[in-house]
Structures are given as structure tokens and as C-alpha cells.
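Visitor: Here you go, one structure.
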Amino acid sequence: MKFKKIILCVAGLGFAIYLSSCKKFVEISPPKNQLTADKVFADSTDANSAISGIYIDMIQSTSFSITSGGLTLYPGLSADELSQSAKDADINALYINRINIENRYNAVLWATAYKYIYDANTCIEGISKSTGISQSVKNLFTAEAKQIRAFMYFNLVNLYGPVPLVRTTDYHVNDLLPRSPVDSIYAQILADATFAQSNLPKNNRSERANYYAATALLAKVQLYRKNYNAAETEASKVINSGLFRLEDDLNNVFLAGSSEAIWKIIPVYPNVETPEGFNFVPSSKTVSPKYILNNDLINSFETGDARKSKWTATNVVAGTSYPYPFKYKKARTTGDPSENYIIFRLAEQYLIRAEARATQNNVNGAQADLNIIRNRAGLNNTTANDLATLLTAIEKERRSEFFCEWGNRWFDLKRWRRADIILPLTKPNWLPTSVLYPIPQKEILRNPTLIQNPGY
């Protein structure tokens with residue numbers, strides 16, 4: 001299929017070693033557990049193919065893995081964004097915050113995250129041992145693998161809290177790893193993302209990780225760690241680069257040519273656009289969507305907010321209205337995908353910087369960043385004018401801008417310590433321990449050093 005060839009070639013970040021790799025990639029499978037590093041990484045073409053293979057694995061599914069919609073759906077159910085129209089007990093458990101330790105969807109999140117971490121570790125080890133790759137190219141590919149690993153750990157630590165810190169492919173070591181403290185996980189994330197930032201190119205070719213993808217991740221991590229000056233600095237590097245701009249039309253934000261995409265994945269599954277378009281958009285106007293936007297979210301949009309009119313849609317079936325996410329608008333394609341699956345985009349950097357500035361008492365700077373996002377949505381400038389009102393405005397703006405997108409609402413409520421205040425209003429079964437997902441039971445049985453999260 002044509003678009004599969006595109007991802008293999010476009011994935012090259014513009015370097016000559018990448019531009020010649022498409023034919024070679026067809027001949028070499030993505031890294032699998034049974035492949036040895038010296039076989040996969042004989043030269044730079046092999047290494048490029050292996051890294052490309054991780055991206056393909058991350059998106060070549062219509063089911064909800066950690067990188068194919070799972071981080072939108074499952075935390076969206078656990079927070080106050082989504083519910084289901086069908087009757088799936090494991091989905092309902094996520095919605096009512098009563099996740100069984102054997103919940104199959106939770107198990108997929110964990111397993112797919114660690115699969116991509118293993119693949120990244122395979123690349124890092126294989127590249128390091130290779131004698132056919134120059135040191136500068138080794139640094140480049142290692143940086144990309146570390147960016148992927150950092151991104152996986154960022155999501156794992158925010159879903160589960162302490163998790164095993166796997167940095168090798170040695171199963172004798174990995175099978176008995178205990179959970180590492182949150183601070184240690186974040187230290188590894190920062191180290192990996194910083195290495196990526198130092199060794200990836202400064203361009204806007206967002207189909208593969210670049211300097212700005214690493215910088216965007218660092219900005220987010222520093223915000224979560226309450227290092228506000230560092231968060232502002234990193235976000236400003238992206239904003240001030242001049243390589244990205246907000247789309248004037250919200251309908252263009254998630255298109256393949258979006259000017260605000262910092263890091264994205266090109267869909268490769270046959271005849272499918274993006275996993276979220278495939279799973280969220282009903283097959284016709286007479287069909288109930290599988291997943292429905294909560295009324296509380298729908299009612300939270302300000303009058304005139306274009307994000308409601310352009311990023312949500314509603315089917316009326318048998319007299320009942322079913323609103324659903326409509327950021328990604330196409331479920332299927334017969335050619336090249338018109339939409340790409342965006343991981344980081346410029347709007348997030350403005351709101352990261354707004355929050356960082358507000359906490360540093362830079363009222364004017366925080367207002368300016370907020371207003372850029374609000375004005376793009378068709379809203380007037382914010383009236384917030386001090387720390388308390390700015391933080392409230394930022395919380396509202398983040399909800400409107402990032403609903404049903406990479407678990408942002410769920411993670412925000414937890415890091416702000418707002419989950420115990422907000423979620424009991426609509427979640428009668430809410431418990432403080434619900435802020436962390438359980439470690440899947442099969443992982444506990446496999447590794448006797450793992451200790452379950454409280455409440456499970």
C-alpha cells in the first residue's frame with residue numbers, strides 16, 4: 001500500500017542514511033525478542049529500519065494499545081470525559097473506577113508499554129555494540145530510541161506510580177526487577193529526553209522524533225515535576241523556533257499536514273486512518289457511537305467555543321443524542337491517510353508555558369499564552385488576573401483543548417490533586433486509591449518482587 005511506503009521513507013528525518021533505507025526496511029523485520037542485536041544492527045540502514053519498526057508497531061493496530069488510542073480511551077473513562085454505549089464489563093470497570101487486577105484492557109496498556117521499552121532497549125544495546133555505524137549516527141539513533149523509552153515511562157509512571165525500570169534486554173535481570181520509586185523513573189525520563197534533545201536534529205519533520213519532540217516532552221515533564229522555570233524555558237524553545245504555528249482552522253489541527261504537529265505517527269494499518277477515528281467515529285449518522293462524551297464535559301465549553309462545534313459531533317438515534325469525540329474525523333481510507341496521529345502539538349506548549357508563568361507570578365505572560373489558545377477557539381481574552389484565577393482558567397482551558405487526547409485530563413486532575421475533589425461529583429464509587437491503576441495480576445504472578453498498588 002502506498003502510505004506504508006511513505007512512512008518507511010518519510011521516517012528518515014531528512015538524513016541521507018534514511019532516504020536510502022526503504023528497500024532495506026522491507027527485508028528486515030522490526031526488532032523482535034528472538035533477534036540478536038548484532039544481526040539487526042550491522043549498519044546504519046539496519047538500525048534505521050529497526051527504529052522505524054517500533055513506530056510501525058506502535059500504530060499498526062485498531063485495538064486500544066498504549067500508543068493506538070488506549071491512553072485516550074481508558075483514562076478518559078476513568079476521568080470525566082467518556083462513557084460507553086455498549087455493555088463491556090471491563091470497560092465499565094474503568095468508568096466506575098473499580099478496575100479488577102485481571103482487567104484485560106489495563107493489561108494491554110502495561111504490556112504494550114513494556115514491549116516498546118524492550119524494543120527501544122534492543123536498539124540502544126545493538127547500536128552501542130555495532131562496529132558498522134559511526135559514533136555520530138549511533139548517537140542519533142540512540143537518541144531516538146531513548147525518546148521513545150522516555151515517553152513510555154512518562155505514561156507508565158502517571159498511570160501506575162512506581163514501576164519496574166527496565167534498561168536492558170536481559171530477562172534474568174528484568175524478570176525480578178522491583179518497582180522503582182517515582183523520582184527514579186522521572187530521573188530516567190529526564191536523562192533519556194535530555195540525551196535525545198542533545199542528539200536529534202532541529203527540524204519540523206514530525207514523523208520521527210526530533211529535537212523539538214524531545215523538548216516538548218521535557219517541558220511537560222518539568223511542569224509535572226513543578227520545575228516551572230525549566231518548563232517555561234523548554235516550552236519557549238518550541239514556541240520561539242518559528243518552525244510550528246497554530247492552525248487557524250481547528251479542523252486542520254489533526255491533518256497530515258498540520259503546522260502545529262511536533263511529533264506524530266503516520267498510520268499504517270490497511271484502510272484505517274487513525275485508531276481514534278476508527279473507534280470513535282460511528283459508521284453512519286444512524287449508529288450509536290461506542291464511546292460517548294459525558295454531559296459534564298459537553299456542558300463545560302463556553303458559548304461560542306469552536307472546539308465544541310468542530311471537535312465534537314452528535315448522532316441522534318431513536319430520539320437520544322450521543323455526542324462523541326470528533327478530533328479525528330475519518331475512520332477509514334482507500335489511499336494515503338489524510339490524518340496523522342499526533343503525540344505532541346504546539347497548543348500544549350503554550351498552555352504548559354502559561355501554567356509555568358502563572359506559578360512564577362508572570363501574570364501578563366500567562367494571560368498572553370492563554371489568550372493565544374482562547375482566541376484560536378473563537379473566545380475573548382481571559383479575565384483571569386492573579387494566580388488563583390489564572391490556575392482555574394488554565395485548568396478549564398486544558399480541559400477544552402485536550403479532552404480525549406493522550407490521557408491529559410486524567411493526568412492533570414492527579415498532578416493538581418484535584419481528582420478527589422472533581423471526580424466524586426460524577427463518580428459515586430470514587431476512592432482516593434483510584435488515582436493509580438492496578439498492576440496487572442499476571443505481572444504480579446510472574447514477578448514475585450512486584451507489590452500491588454493500594455486498594456486492589
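By order of appearance in the C-alpha cells: chains A, B, ..., then residues from 1 within every chain, and ligands from 1 in the order shown.
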I'd like the contact shell of Glu401 (chain A) - 10 Å cut-off, only C-alpha atoms, skipping same-chain residues fewer than 2 positions apart - returned as a list in words.

Guide: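 Near neighbours after the sequence-gap exclusion: Phe301, Arg307, Lys308, Trp311, Ala347, Glu348, Leu351, Ile373, Arg374, Ala377, Lys396, Glu397, Arg398, Arg399, Phe403, Cys404, Glu405, Asn408 and Arg409 of chain A.
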
Visitor: Determine, counting only C-alpha atoms, which protein, DNA and RNA residues have an atom within 6 Å of an atom of Arg332 (chain A); residues of the same chain fewer than 3 positions away are not included. Present the result as a ChimeraX atom specification.

Guide: /A:271-273

Visitor: List the neighbours of Ile59 (chain A) out to 8 Å using only C-alpha atoms; skip same-chain residues closer than 2 positions along the sequence, and give me the result as a PyMOL selection string.

Guide: chain A and resi 55-57+61+67-68+265-269+275

Visitor: Kindly give the distance, in Å, that separates CA of Ser130 (chain A) and CA of Ile51 (chain A), rounded to a single decimal.

Guide: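 Value for the CA of Ser130 (chain A)-CA of Ile51 (chain A) distance: 14.7 Å.
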
Visitor: Kindly give the distance, in Å, that separates CA of Pro181 (chain A) and CA of Ile99 (chain A), rounded to a single decimal.

Guide: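 It comes out at 22.7 Å.
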
Visitor: For Ser134 (chain A), which residue among A:Tyr291, A:Phe41, A:Tyr171, A:Tyr211 is the nearest when counting only C-alpha atoms?

Guide: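 For Ser134 (chain A), the nearest of the candidates is A:Phe41.
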
Visitor: Excluding same-chain residues fewer than 3 positions from region 185-188 of chain A, what lies within 8 Å of it counting only C-alpha atoms, as a JSON list (two decimals) with C-alpha atoms, in the first residue's frame?

Guide:
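Contents of the output file part-v7.json:
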[["chain", "number", "residue", "atom", "x", "y", "z"],
["A", 150, "ALA", "CA", 11.18, 8.20, 27.93],
["A", 153, "TYR", "CA", 7.92, 5.69, 31.08],
["A", 154, "PHE", "CA", 6.24, 9.07, 31.37],
["A", 157, "VAL", "CA", 4.58, 6.41, 35.92],
["A", 162, "PRO", "CA", 6.29, 3.29, 40.80],
["A", 163, "VAL", "CA", 7.06, 0.77, 38.06],
["A", 165, "LEU", "CA", 12.76, 0.48, 35.48],
["A", 180, "SER", "CA", 11.44, 1.81, 41.23],
["A", 181, "PRO", "CA", 10.43, 4.99, 43.07],
["A", 182, "VAL", "CA", 8.66, 7.70, 41.10],
["A", 191, "ALA", "CA", 18.10, 11.70, 31.28],
["A", 192, "ASP", "CA", 16.69, 9.99, 28.18],
["A", 221, "VAL", "CA", 7.96, 16.53, 32.46]]

Visitor: With only C-alpha atoms as the atoms that count, which of A:Ala113, A:Ala235, A:Ala356, A:Val287 lies nearest to Ile148 (chain A)?

Guide: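 The closest residue to Ile148 (chain A) is A:Ala113.
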
Visitor: Can you pull out the residues contacting Gln197 (chain A)? Cut-off 8 Å, using only C-alpha atoms, and skip same-chain residues under 2 positions away; I want them as a list in words.

Guide: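 Final neighbour list, sorted by chain and number: Ala143, Ala193, Thr194, Phe195, Asn199, Leu200, Asn210, Tyr211, Tyr212, Ala214 and Thr215 of chain A.
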
Visitor: Given the choices A:Lys264, A:Lys442, A:Arg345, A:Arg208, which gets closest to Asn48 (chain A) if the distance is worked out from only C-alpha atoms?

Guide: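 Under the stated criterion, the closest residue is A:Arg208.
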
Visitor: Taking only C-alpha atoms into account, which of A:Leu77, A:Tyr118, A:Asn340, A:Met152 comes nearest Arg98 (chain A)?

Guide: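 Checking each candidate against Arg98 (chain A), we get A:Leu77 as the closest.
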
Visitor: Choose the residue, out of A:Tyr328, A:Phe254, A:Tyr116, A:Phe244, that has the smallest atom-to-atom separation from Phe278 (chain A); count only C-alpha atoms.

Guide: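 Of all the options, A:Tyr328 lies closest to Phe278 (chain A).
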
Visitor: Got a sec: who's within 7 Å of Pro325 (chain A), counting only C-alpha atoms, leaving out chain neighbours fewer than 2 positions off, as a ChimeraX atom specification?

Guide: /A:280,293,311-313,327

Visitor: Keeping only C-alpha atoms, write the selected residues to a file as a PDB file, in the first residue's frame.

Guide:
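Contents of out_13.pdb, freshly written:
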ATOM      1  CA  PHE A 280     -14.736   6.834  17.915  1.00  0.00           C
ATOM      2  CA  LEU A 293     -18.743  12.218  25.670  1.00  0.00           C
ATOM      3  CA  TRP A 311     -14.057  18.664  17.742  1.00  0.00           C
ATOM      4  CA  THR A 312     -17.298  17.020  18.874  1.00  0.00           C
ATOM      5  CA  ALA A 313     -20.182  15.576  16.886  1.00  0.00           C
ATOM      6  CA  LYS A 327     -10.939  15.481  16.590  1.00  0.00           C
TER       7      LYS A 327
END

Visitor: Using DSSP assignments from the backbone, pull out every residue in region 92-310 of chain A that falls under alpha helix (DSSP H) and give it to me as a PyMOL selection string.

Guide: chain A and resi 92-95+104-129+135-160+171-174+182-199+211-224+228-239+275-280+295-298+306-310

Visitor: State, in Å with one decimal place, the distance from CA of Ile444 (chain A) to CA of His172 (chain A).

Guide: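 Separation of CA of Ile444 (chain A) and CA of His172 (chain A): 16.3 Å.
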
Visitor: Which residue is closest to Phe64 (chain A)? Choose from A:Ile133, A:Ile451, A:Ile439, A:Ile91 and count only C-alpha atoms.

Guide: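 Closest residue, counting only C-alpha atoms: A:Ile91.
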
Visitor: To test your reading of the structure, identify every residue in region 284-424 of chain A that backbone DSSP assigns to strand (DSSP E or B), and report it as a list in words.

Guide: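 Restricting region 284-424 of chain A to strand (DSSP E or B) produces Tyr291, Ile292, Leu293, Thr312, Ala313, Thr314, Asn315, Val316, Val317, Thr320, Ser321, Tyr322, Pro323, Tyr324, Pro325, Arg332, Glu339, Tyr341, Ile342, Ile343, Phe344 and Arg345 of chain A.
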
Visitor: Take the residues that were just selected and, keeping C-alpha atoms, output them as a PDB file, in the first residue's frame.

Guide:
ATOM      1  CA  TYR A 291     -17.956   5.790  23.307  1.00  0.00           C
ATOM      2  CA  ILE A 292     -19.887   8.868  24.365  1.00  0.00           C
ATOM      3  CA  LEU A 293     -18.743  12.218  25.670  1.00  0.00           C
ATOM      4  CA  THR A 312     -17.298  17.020  18.874  1.00  0.00           C
ATOM      5  CA  ALA A 313     -20.182  15.576  16.886  1.00  0.00           C
ATOM      6  CA  THR A 314     -23.543  14.071  17.806  1.00  0.00           C
ATOM      7  CA  ASN A 315     -25.638  11.233  16.446  1.00  0.00           C
ATOM      8  CA  VAL A 316     -29.324  11.162  17.326  1.00  0.00           C
ATOM      9  CA  VAL A 317     -30.540   7.573  17.465  1.00  0.00           C
ATOM     10  CA  THR A 320     -31.414  10.034  22.089  1.00  0.00           C
ATOM     11  CA  SER A 321     -28.400  12.250  21.472  1.00  0.00           C
ATOM     12  CA  TYR A 322     -24.959  10.641  21.557  1.00  0.00           C
ATOM     13  CA  PRO A 323     -22.089  13.153  21.457  1.00  0.00           C
ATOM     14  CA  TYR A 324     -18.690  11.710  20.603  1.00  0.00           C
ATOM     15  CA  PRO A 325     -15.073  12.851  20.054  1.00  0.00           C
ATOM     16  CA  ARG A 332     -11.232   4.515   7.008  1.00  0.00           C
ATOM     17  CA  GLU A 339      -4.944  12.475   9.226  1.00  0.00           C
ATOM     18  CA  TYR A 341      -1.828  10.529  14.927  1.00  0.00           C
ATOM     19  CA  ILE A 342      -0.387  13.489  16.829  1.00  0.00           C
ATOM     20  CA  ILE A 343       1.509  12.911  20.075  1.00  0.00           C
ATOM     21  CA  PHE A 344       2.675  16.471  20.813  1.00  0.00           C
ATOM     22  CA  ARG A 345       1.369  19.704  19.293  1.00  0.00           C
TER      23      ARG A 345
END

Visitor: Excluding same-chain residues fewer than 5 positions from Lys226 (chain A), what lies within 12 Å of it counting only C-alpha atoms, as a PyMOL selection string?

Guide: chain A and resi 219-221+231-232+352+355-357+359-360+415-416
